[in-house]
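Enquirer: mmCIF, C-alpha atoms and all ligand atoms, file final_29.cif:
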data_data
loop_
_atom_site.label_atom_id
_atom_site.label_comp_id
_atom_site.auth_asym_id
_atom_site.auth_seq_id
_atom_site.Cartn_x
_atom_site.Cartn_y
_atom_site.Cartn_z
CA MET E 272 15.67 -201.45 -75.49
CA THR E 273 11.92 -201.24 -74.97
CA PRO E 274 11.12 -199.14 -71.89
CA THR E 275 8.58 -200.08 -69.25
CA ILE E 276 6.29 -197.48 -67.73
CA THR E 277 3.89 -197.79 -64.82
CA ALA E 278 0.22 -196.86 -64.80
CA PHE E 279 -2.74 -197.28 -62.46
CA GLU E 280 -4.20 -200.76 -62.39
CA ARG E 281 -7.54 -198.99 -62.06
CA SER E 282 -7.41 -195.31 -62.82
CA PRO E 283 -9.65 -193.07 -60.69
CA ASP E 284 -10.48 -191.05 -63.82
CA ARG E 285 -12.04 -194.17 -65.41
CA GLY E 286 -9.87 -193.93 -68.51
CA ARG E 287 -10.42 -190.25 -69.32
CA GLY E 288 -6.71 -189.90 -69.95
CA LEU E 289 -5.96 -187.60 -67.02
CA ALA E 290 -3.58 -189.92 -65.18
CA ARG E 291 -0.04 -188.86 -65.93
CA ASP E 292 0.99 -192.06 -67.64
CA MET E 293 -1.00 -190.61 -70.55
CA ARG E 294 1.66 -187.91 -71.13
CA VAL E 295 4.36 -190.52 -71.26
CA ARG E 296 2.39 -192.84 -73.55
CA TRP E 297 1.67 -189.88 -75.84
CA ALA E 298 5.34 -188.85 -75.97
CA LEU E 299 6.37 -192.42 -76.77
CA GLU E 300 3.76 -192.61 -79.53
CA GLU E 301 4.92 -189.27 -81.01
CA ALA E 302 8.47 -190.64 -80.97
CA GLY E 303 7.35 -193.90 -82.59
CA GLN E 304 8.66 -195.97 -79.67
CA ARG E 305 7.16 -199.20 -78.42
CA TYR E 306 6.78 -199.59 -74.66
CA HIS E 307 5.65 -202.02 -72.01
CA VAL E 308 3.25 -201.07 -69.23
CA ARG E 309 3.30 -202.47 -65.72
CA LEU E 310 0.02 -201.81 -63.92
CA VAL E 311 0.22 -201.05 -60.22
CA SER E 312 -2.42 -200.94 -57.51
CA PHE E 313 -2.66 -198.08 -55.00
CA GLY E 314 -1.33 -200.46 -52.36
CA ALA E 315 1.66 -201.59 -54.43
CA MET E 316 2.58 -197.98 -55.27
CA LYS E 317 3.33 -197.34 -51.63
CA GLN E 318 5.47 -200.46 -51.14
CA ALA E 319 9.27 -200.41 -51.06
CA ALA E 320 9.66 -202.03 -54.48
CA HIS E 321 7.78 -199.22 -56.21
CA ARG E 322 9.22 -196.51 -53.97
CA ALA E 323 12.67 -197.58 -55.13
CA LEU E 324 11.56 -196.31 -58.54
CA HIS E 325 9.41 -193.42 -57.34
CA PRO E 326 10.27 -191.82 -54.00
CA PHE E 327 6.74 -190.42 -53.61
CA GLY E 328 5.00 -193.70 -54.36
CA GLN E 329 3.23 -192.48 -57.48
CA ILE E 330 2.88 -193.20 -61.19
CA PRO E 331 4.26 -192.81 -63.79
CA THR E 332 7.72 -194.30 -63.70
CA TYR E 333 9.98 -195.19 -66.62
CA GLU E 334 12.57 -197.96 -66.72
CA GLU E 335 14.99 -198.51 -69.56
CA GLY E 336 18.00 -200.73 -68.88
CA ASP E 337 19.74 -199.35 -65.82
CA LEU E 338 17.84 -196.08 -65.96
CA ALA E 339 14.80 -195.53 -63.72
CA LEU E 340 13.00 -192.19 -63.88
CA PHE E 341 10.01 -190.60 -62.18
CA GLU E 342 8.17 -187.27 -62.79
CA SER E 343 6.19 -187.11 -66.00
CA GLY E 344 7.98 -183.95 -67.16
CA ALA E 345 11.42 -185.50 -66.73
CA ILE E 346 10.30 -188.65 -68.51
CA VAL E 347 8.84 -186.72 -71.44
CA LEU E 348 12.04 -184.65 -71.67
CA HIS E 349 14.13 -187.83 -71.65
CA ILE E 350 12.07 -189.33 -74.48
CA ALA E 351 12.17 -186.04 -76.42
CA GLU E 352 15.94 -185.76 -76.10
CA ARG E 353 16.60 -189.29 -77.30
CA HIS E 354 14.14 -189.51 -80.19
CA ALA E 355 13.15 -187.23 -83.04
CA GLY E 356 9.75 -185.58 -83.19
CA LEU E 357 9.29 -183.80 -79.89
CA LEU E 358 12.05 -181.17 -79.78
CA PRO E 359 13.37 -179.04 -82.65
CA ASP E 360 16.98 -179.49 -83.79
CA ASP E 361 17.69 -175.76 -83.77
CA PRO E 362 19.22 -175.04 -80.33
CA ASP E 363 17.24 -171.84 -79.71
CA ALA E 364 13.93 -173.38 -80.75
CA ARG E 365 14.78 -176.41 -78.59
CA ALA E 366 15.42 -174.19 -75.58
CA ARG E 367 12.09 -172.41 -76.15
CA ALA E 368 10.24 -175.74 -76.36
CA ILE E 369 11.79 -176.81 -73.05
CA ALA E 370 10.75 -173.48 -71.55
CA TRP E 371 7.15 -174.28 -72.53
CA MET E 372 7.49 -177.67 -70.83
CA PHE E 373 8.49 -175.92 -67.62
CA ALA E 374 5.73 -173.34 -68.09
CA ALA E 375 3.13 -176.08 -68.42
CA LEU E 376 4.19 -177.86 -65.24
CA GLY E 377 5.46 -174.94 -63.17
CA THR E 378 3.18 -172.05 -64.10
CA VAL E 379 -0.07 -173.34 -65.60
CA GLU E 380 -0.60 -176.66 -63.82
CA PRO E 381 -0.37 -175.50 -60.16
CA PRO E 382 -3.59 -173.45 -59.98
CA ILE E 383 -5.40 -176.16 -61.96
CA LEU E 384 -4.29 -178.77 -59.42
CA GLU E 385 -5.27 -176.42 -56.60
CA ARG E 386 -8.79 -176.35 -58.05
CA GLU E 387 -8.89 -180.15 -58.26
CA ASN E 388 -7.64 -180.58 -54.72
CA ALA E 389 -10.14 -178.03 -53.42
CA SER E 390 -13.00 -179.85 -55.12
CA TYR E 391 -11.91 -183.21 -53.67
CA LEU E 392 -10.96 -182.12 -50.18
CA GLU E 393 -12.79 -178.90 -49.35
CA ARG E 394 -16.14 -179.22 -51.08
CA ASP E 395 -18.02 -179.49 -47.77
CA GLU E 396 -16.41 -176.45 -46.17
CA THR E 397 -18.57 -173.36 -45.65
CA TRP E 398 -15.99 -171.23 -47.49
CA TYR E 399 -15.66 -173.58 -50.47
CA ALA E 400 -17.52 -171.37 -52.98
CA GLN E 401 -15.35 -168.37 -52.12
CA ARG E 402 -12.17 -170.43 -52.34
CA LEU E 403 -13.19 -171.96 -55.66
CA SER E 404 -13.93 -168.55 -57.10
CA GLY E 405 -10.48 -167.26 -56.09
CA VAL E 406 -8.70 -170.29 -57.53
CA GLU E 407 -10.68 -170.08 -60.77
CA ASP E 408 -9.74 -166.43 -61.15
CA ARG E 409 -6.07 -167.42 -60.84
CA ILE E 410 -6.59 -170.07 -63.50
CA ARG E 411 -8.31 -167.49 -65.76
CA ASP E 412 -5.30 -165.19 -65.40
CA ARG E 413 -2.99 -167.94 -66.63
CA LEU E 414 -5.33 -169.00 -69.42
CA GLY E 415 -5.77 -165.42 -70.56
CA ASP E 416 -2.02 -164.93 -70.83
CA LEU E 417 -1.56 -168.25 -72.58
CA ALA E 418 -4.43 -167.53 -75.01
CA GLY E 419 -2.89 -164.13 -75.77
CA ARG E 420 0.46 -165.70 -76.57
CA LEU E 421 -0.98 -168.53 -78.67
CA GLY E 422 -3.22 -166.20 -80.68
CA ASP E 423 -4.13 -167.79 -84.00
CA ALA E 424 -1.12 -170.11 -84.09
CA ASP E 425 -1.52 -173.87 -84.12
CA TRP E 426 1.23 -174.48 -81.54
CA LEU E 427 3.13 -172.50 -78.92
CA ASP E 428 6.21 -172.25 -81.12
CA ALA E 429 6.56 -172.90 -84.84
CA ARG E 430 6.02 -176.68 -84.67
CA PHE E 431 4.33 -179.13 -82.29
CA SER E 432 6.75 -179.99 -79.48
CA ALA E 433 6.97 -181.59 -76.06
CA GLY E 434 6.01 -178.13 -74.76
CA ASP E 435 2.62 -178.45 -76.47
CA LEU E 436 2.27 -182.05 -75.32
CA LEU E 437 2.65 -181.08 -71.67
CA MET E 438 0.62 -177.87 -71.99
CA VAL E 439 -2.30 -179.72 -73.57
CA SER E 440 -2.05 -182.47 -70.93
CA VAL E 441 -2.36 -179.81 -68.24
CA LEU E 442 -5.25 -177.98 -69.93
CA GLN E 443 -7.16 -181.23 -70.31
CA ARG E 444 -7.52 -181.33 -66.54
CA LEU E 445 -10.01 -178.46 -66.94
CA ALA E 446 -12.45 -180.64 -68.91
CA GLY E 447 -15.93 -180.19 -67.53
CA SER E 448 -15.06 -177.00 -65.63
CA GLY E 449 -16.21 -174.66 -68.41
CA LEU E 450 -13.05 -172.60 -67.93
CA LEU E 451 -11.38 -173.67 -71.16
CA ASP E 452 -14.48 -172.73 -73.16
CA GLU E 453 -13.97 -169.12 -72.10
CA PHE E 454 -10.86 -169.14 -74.30
CA PRO E 455 -11.89 -170.51 -77.72
CA ASN E 456 -8.36 -170.56 -79.14
CA LEU E 457 -7.18 -172.71 -76.21
CA ALA E 458 -10.14 -175.07 -76.59
CA ALA E 459 -9.26 -175.38 -80.30
CA TYR E 460 -5.58 -175.92 -79.40
CA VAL E 461 -6.50 -178.85 -77.14
CA ALA E 462 -8.82 -180.31 -79.79
CA ARG E 463 -6.05 -179.97 -82.43
CA ALA E 464 -3.63 -181.89 -80.22
CA GLU E 465 -6.22 -184.55 -79.40
CA ALA E 466 -6.68 -185.16 -83.14
CA ARG E 467 -3.04 -186.20 -83.53
CA PRO E 468 -2.79 -189.92 -84.33
CA ALA E 469 -0.17 -190.37 -81.60
CA PHE E 470 -2.54 -188.90 -79.03
CA GLU E 471 -5.36 -191.13 -80.23
CA ARG E 472 -3.21 -194.26 -79.95
CA ALA E 473 -2.04 -193.34 -76.46
CA PHE E 474 -5.55 -192.50 -75.34
CA ALA E 475 -6.94 -195.78 -76.66
CA ALA E 476 -4.20 -197.75 -74.91
CA GLN E 477 -4.84 -196.21 -71.49
CA LEU E 478 -8.61 -196.50 -71.93
CA ALA E 479 -8.22 -200.19 -72.75
CA VAL E 480 -6.72 -200.73 -69.29
CA PHE E 481 -9.94 -199.46 -67.78
CA THR E 482 -12.39 -201.19 -70.12
CA GLY E 483 -10.36 -204.38 -70.42
CA ASN E 484 -10.61 -204.17 -74.24
CA PRO E 485 -7.15 -203.83 -75.76
CA PRO E 486 -7.15 -201.92 -79.09
CA PRO E 487 -6.54 -204.07 -82.20
CA GLY E 488 -2.94 -204.43 -83.38
N1 LIG G 1 4.53 -184.40 -60.45
C1 LIG G 1 4.28 -185.81 -60.67
C2 LIG G 1 2.88 -186.11 -60.14
C3 LIG G 1 2.60 -187.59 -60.14
C4 LIG G 1 1.20 -187.88 -59.65
O1 LIG G 1 0.52 -187.03 -59.02
N2 LIG G 1 0.73 -189.10 -59.97
C5 LIG G 1 -0.60 -189.48 -59.57
C6 LIG G 1 -1.34 -190.08 -60.76
S1 LIG G 1 -1.59 -188.91 -62.07
C7 LIG G 1 -0.52 -190.55 -58.50
O2 LIG G 1 0.27 -191.45 -58.59
N3 LIG G 1 -1.42 -190.45 -57.51
C8 LIG G 1 -1.52 -191.42 -56.46
C9 LIG G 1 -0.84 -190.97 -55.21
O3 LIG G 1 -0.28 -189.87 -55.16
O4 LIG G 1 -0.93 -191.73 -54.24
C10 LIG G 1 4.40 -186.15 -62.16
O5 LIG G 1 4.18 -185.25 -62.98
O6 LIG G 1 4.73 -187.29 -62.50
#
Show me this structure written as structure tokens.

Expert:
Amino acid sequence: MTPTITAFERSPDRGRGLARDMRVRWALEEAGQRYHVRLVSFGAMKQAAHRALHPFGQIPTYEEGDLALFESGAIVLHIAERHAGLLPDDPDARARAIAWMFAALGTVEPPILERENASYLERDETWYAQRLSGVEDRIRDRLGDLAGRLGDADWLDARFSAGDLLMVSVLQRLAGSGLLDEFPNLAAYVARAEARPAFERAFAAQLAVFTGNPPPG
């Protein structure tokens, strides 16, 4: 059964691939799965019909038969568990890949989101510069540890996994901040992931929503 996901009718990032439907599209492309997309407006996201799928009135959601899921991490895990390509078969390697998924969303993403929220909501405060500097130092701590663990490897464990997919999705939120450039192996890691054909297909599909130009095929 072909699943249906939701995405912004008009993404605030103007198609830069930072909205979280991108993670889900990417996972589906890595798994070689077709999918439908239902675009939702900000207004519709807060209505009862959408909240029945997503209690917090957000995107993405995922519907497949009787199953309705929310939370990008849970959706990516669901796709990875049901299709080959995103989680290793070996049980220990699989558990490690899932640990990296949790690390991406639970350990690395929070200070990055804190920085985003501060820049949206607190930019005009007198203490903004001091706050930003503190948040960026917390991000640097995480990036330094991650860079140390990745070292010269291509991926966080032996092979590309859903852990890398989520970690890269999180690191991409730092684009334009200059922070990623302080860690050349992490910048190269993100570039390596972005060169994957599945990423390119997913990126083109979400960009087409913004530009109104669907990719050929
Ligand atoms: N933890 C959730 C976060 C979902 C989320 O923040 N979605 C954003 C788009 S990337 C959204 O719908 N924002 C609009 C809103 O919160 O009203 C996930 O990973 O799916």

Enquirer: Set the cut-off to 7 Å, count all atoms listed in the file, and list whatever residues fall near ligand LIG 1 (chain G) as a PyMOL selection string.

Expert: chain E and resi 289-292+313+328-331+341-344

Enquirer: For region 372-388 of chain E, list every protein, DNA or RNA residue within 7 Å, evaluated using all atoms listed in the file, and leave out those in the same chain fewer than 4 positions away; present the list as a CSV table (one decimal) with C-alpha atoms, in the frame of the given file.

Expert:
chain,number,residue,atom,x,y,z
E,368,ALA,CA,10.2,-175.7,-76.4
E,392,LEU,CA,-11.0,-182.1,-50.2
E,403,LEU,CA,-13.2,-172.0,-55.7
E,406,VAL,CA,-8.7,-170.3,-57.5
E,409,ARG,CA,-6.1,-167.4,-60.8
E,410,ILE,CA,-6.6,-170.1,-63.5
E,413,ARG,CA,-3.0,-167.9,-66.6
E,433,ALA,CA,7.0,-181.6,-76.1
E,434,GLY,CA,6.0,-178.1,-74.8
E,437,LEU,CA,2.6,-181.1,-71.7
E,438,MET,CA,0.6,-177.9,-72.0
E,441,VAL,CA,-2.4,-179.8,-68.2

Enquirer: For CA of Ser432 (chain E) and CA of Leu357 (chain E), determine how far apart the two atoms are, in Å to one decimal place.

Expert: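 Going from CA of Ser432 (chain E) over to CA of Leu357 (chain E) covers 4.6 Å.
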
Enquirer: Let me make sure I understand: among E:Leu427, E:Leu358, E:Ala351, E:Ala339, which one has the smallest atom-to-atom distance to Glu300 (chain E) if we use all atoms listed in the file?

Expert: E:Ala351

Enquirer: Name the residues in contact with Arg411 (chain E) at a cut-off of 9 Å, using all atoms listed in the file, excluding same-chain residues fewer than 6 positions from it; report them as number ranges by chain.

Expert: E: 450-451, 453

Enquirer: Can you tell me which residues surround Gly288 (chain E) at a distance of at most 8 Å, considering all atoms listed in the file, apart from same-chain residues fewer than 5 positions away, and format the answer as a PyMOL selection string?

Expert: chain E and resi 293+474+477-478

Enquirer: What does the structure give for the distance between CA of Asp412 (chain E) and CA of Ala458 (chain E), in Å to one decimal?

Expert: 15.7 Å

Enquirer: Between E:Pro326, E:Ala479, E:Pro455, E:Tyr399, which is the closest to Ala418 (chain E) once you count only C-alpha atoms?

Expert: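 The closest residue to Ala418 (chain E) is E:Pro455.
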
Enquirer: Within 8 Å of Val480 (chain E), counting only C-alpha atoms, which residues qualify if same-chain residues fewer than 4 places away don't, as a ChimeraX atom specification?

Expert: /E:280-281,286,476,484-485

Enquirer: Applying 9 Å and all atoms listed in the file, which residues near His354 (chain E) remain after dropping the ones on its own chain fewer than 4 positions away? List them as a list in words.

Expert: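 Residues near the query, excluding close chain neighbours: Leu299, Ala302, Gly303, Gln304, His349, Ile350 and Leu358 of chain E.
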
Enquirer: Okay, now the selection with C-alpha atoms, as a PDB file, in the coordinates of the input?

Expert:
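The new file result22.pdb reads:
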ATOM      1  CA  LEU E 299       6.370-192.420 -76.770  1.00  0.00           C
ATOM      2  CA  ALA E 302       8.470-190.640 -80.970  1.00  0.00           C
ATOM      3  CA  GLY E 303       7.350-193.900 -82.590  1.00  0.00           C
ATOM      4  CA  GLN E 304       8.660-195.970 -79.670  1.00  0.00           C
ATOM      5  CA  HIS E 349      14.130-187.830 -71.650  1.00  0.00           C
ATOM      6  CA  ILE E 350      12.070-189.330 -74.480  1.00  0.00           C
ATOM      7  CA  LEU E 358      12.050-181.170 -79.780  1.00  0.00           C
TER       8      LEU E 358
END

Enquirer: Could you write region 460-472 of chain E of the block just shown to a file containing N, CA and C atoms, as a short mmCIF file (atom, residue, chain, number, x, y, z; two decimals), in the first residue's frame?

Expert:
data_model
loop_
_atom_site.label_atom_id
_atom_site.label_comp_id
_atom_site.auth_asym_id
_atom_site.auth_seq_id
_atom_site.Cartn_x
_atom_site.Cartn_y
_atom_site.Cartn_z
N TYR E 460 30.68 15.17 5.93
CA TYR E 460 29.68 14.12 6.20
C TYR E 460 28.31 14.54 5.64
N VAL E 461 27.94 15.79 5.91
CA VAL E 461 26.66 16.29 5.39
C VAL E 461 26.69 16.32 3.86
N ALA E 462 27.79 16.79 3.29
CA ALA E 462 27.89 16.85 1.82
C ALA E 462 27.81 15.45 1.21
N ARG E 463 28.44 14.48 1.87
CA ARG E 463 28.43 13.08 1.39
C ARG E 463 26.99 12.55 1.36
N ALA E 464 26.26 12.85 2.41
CA ALA E 464 24.86 12.38 2.48
C ALA E 464 24.01 13.09 1.43
N GLU E 465 24.27 14.37 1.24
CA GLU E 465 23.47 15.14 0.27
C GLU E 465 23.74 14.70 -1.17
N ALA E 466 24.85 14.01 -1.39
CA ALA E 466 25.17 13.52 -2.74
C ALA E 466 24.49 12.18 -3.03
N ARG E 467 23.83 11.60 -2.05
CA ARG E 467 23.14 10.32 -2.29
C ARG E 467 21.96 10.56 -3.24
N PRO E 468 21.79 9.70 -4.22
CA PRO E 468 20.68 9.89 -5.16
C PRO E 468 19.32 9.97 -4.46
N ALA E 469 19.14 9.20 -3.40
CA ALA E 469 17.85 9.22 -2.69
C ALA E 469 17.62 10.60 -2.06
N PHE E 470 18.68 11.18 -1.53
CA PHE E 470 18.54 12.53 -0.95
C PHE E 470 18.17 13.51 -2.06
N GLU E 471 18.87 13.41 -3.18
CA GLU E 471 18.63 14.36 -4.28
C GLU E 471 17.19 14.27 -4.77
N ARG E 472 16.67 13.05 -4.88
CA ARG E 472 15.28 12.89 -5.34
C ARG E 472 14.30 13.52 -4.34
#
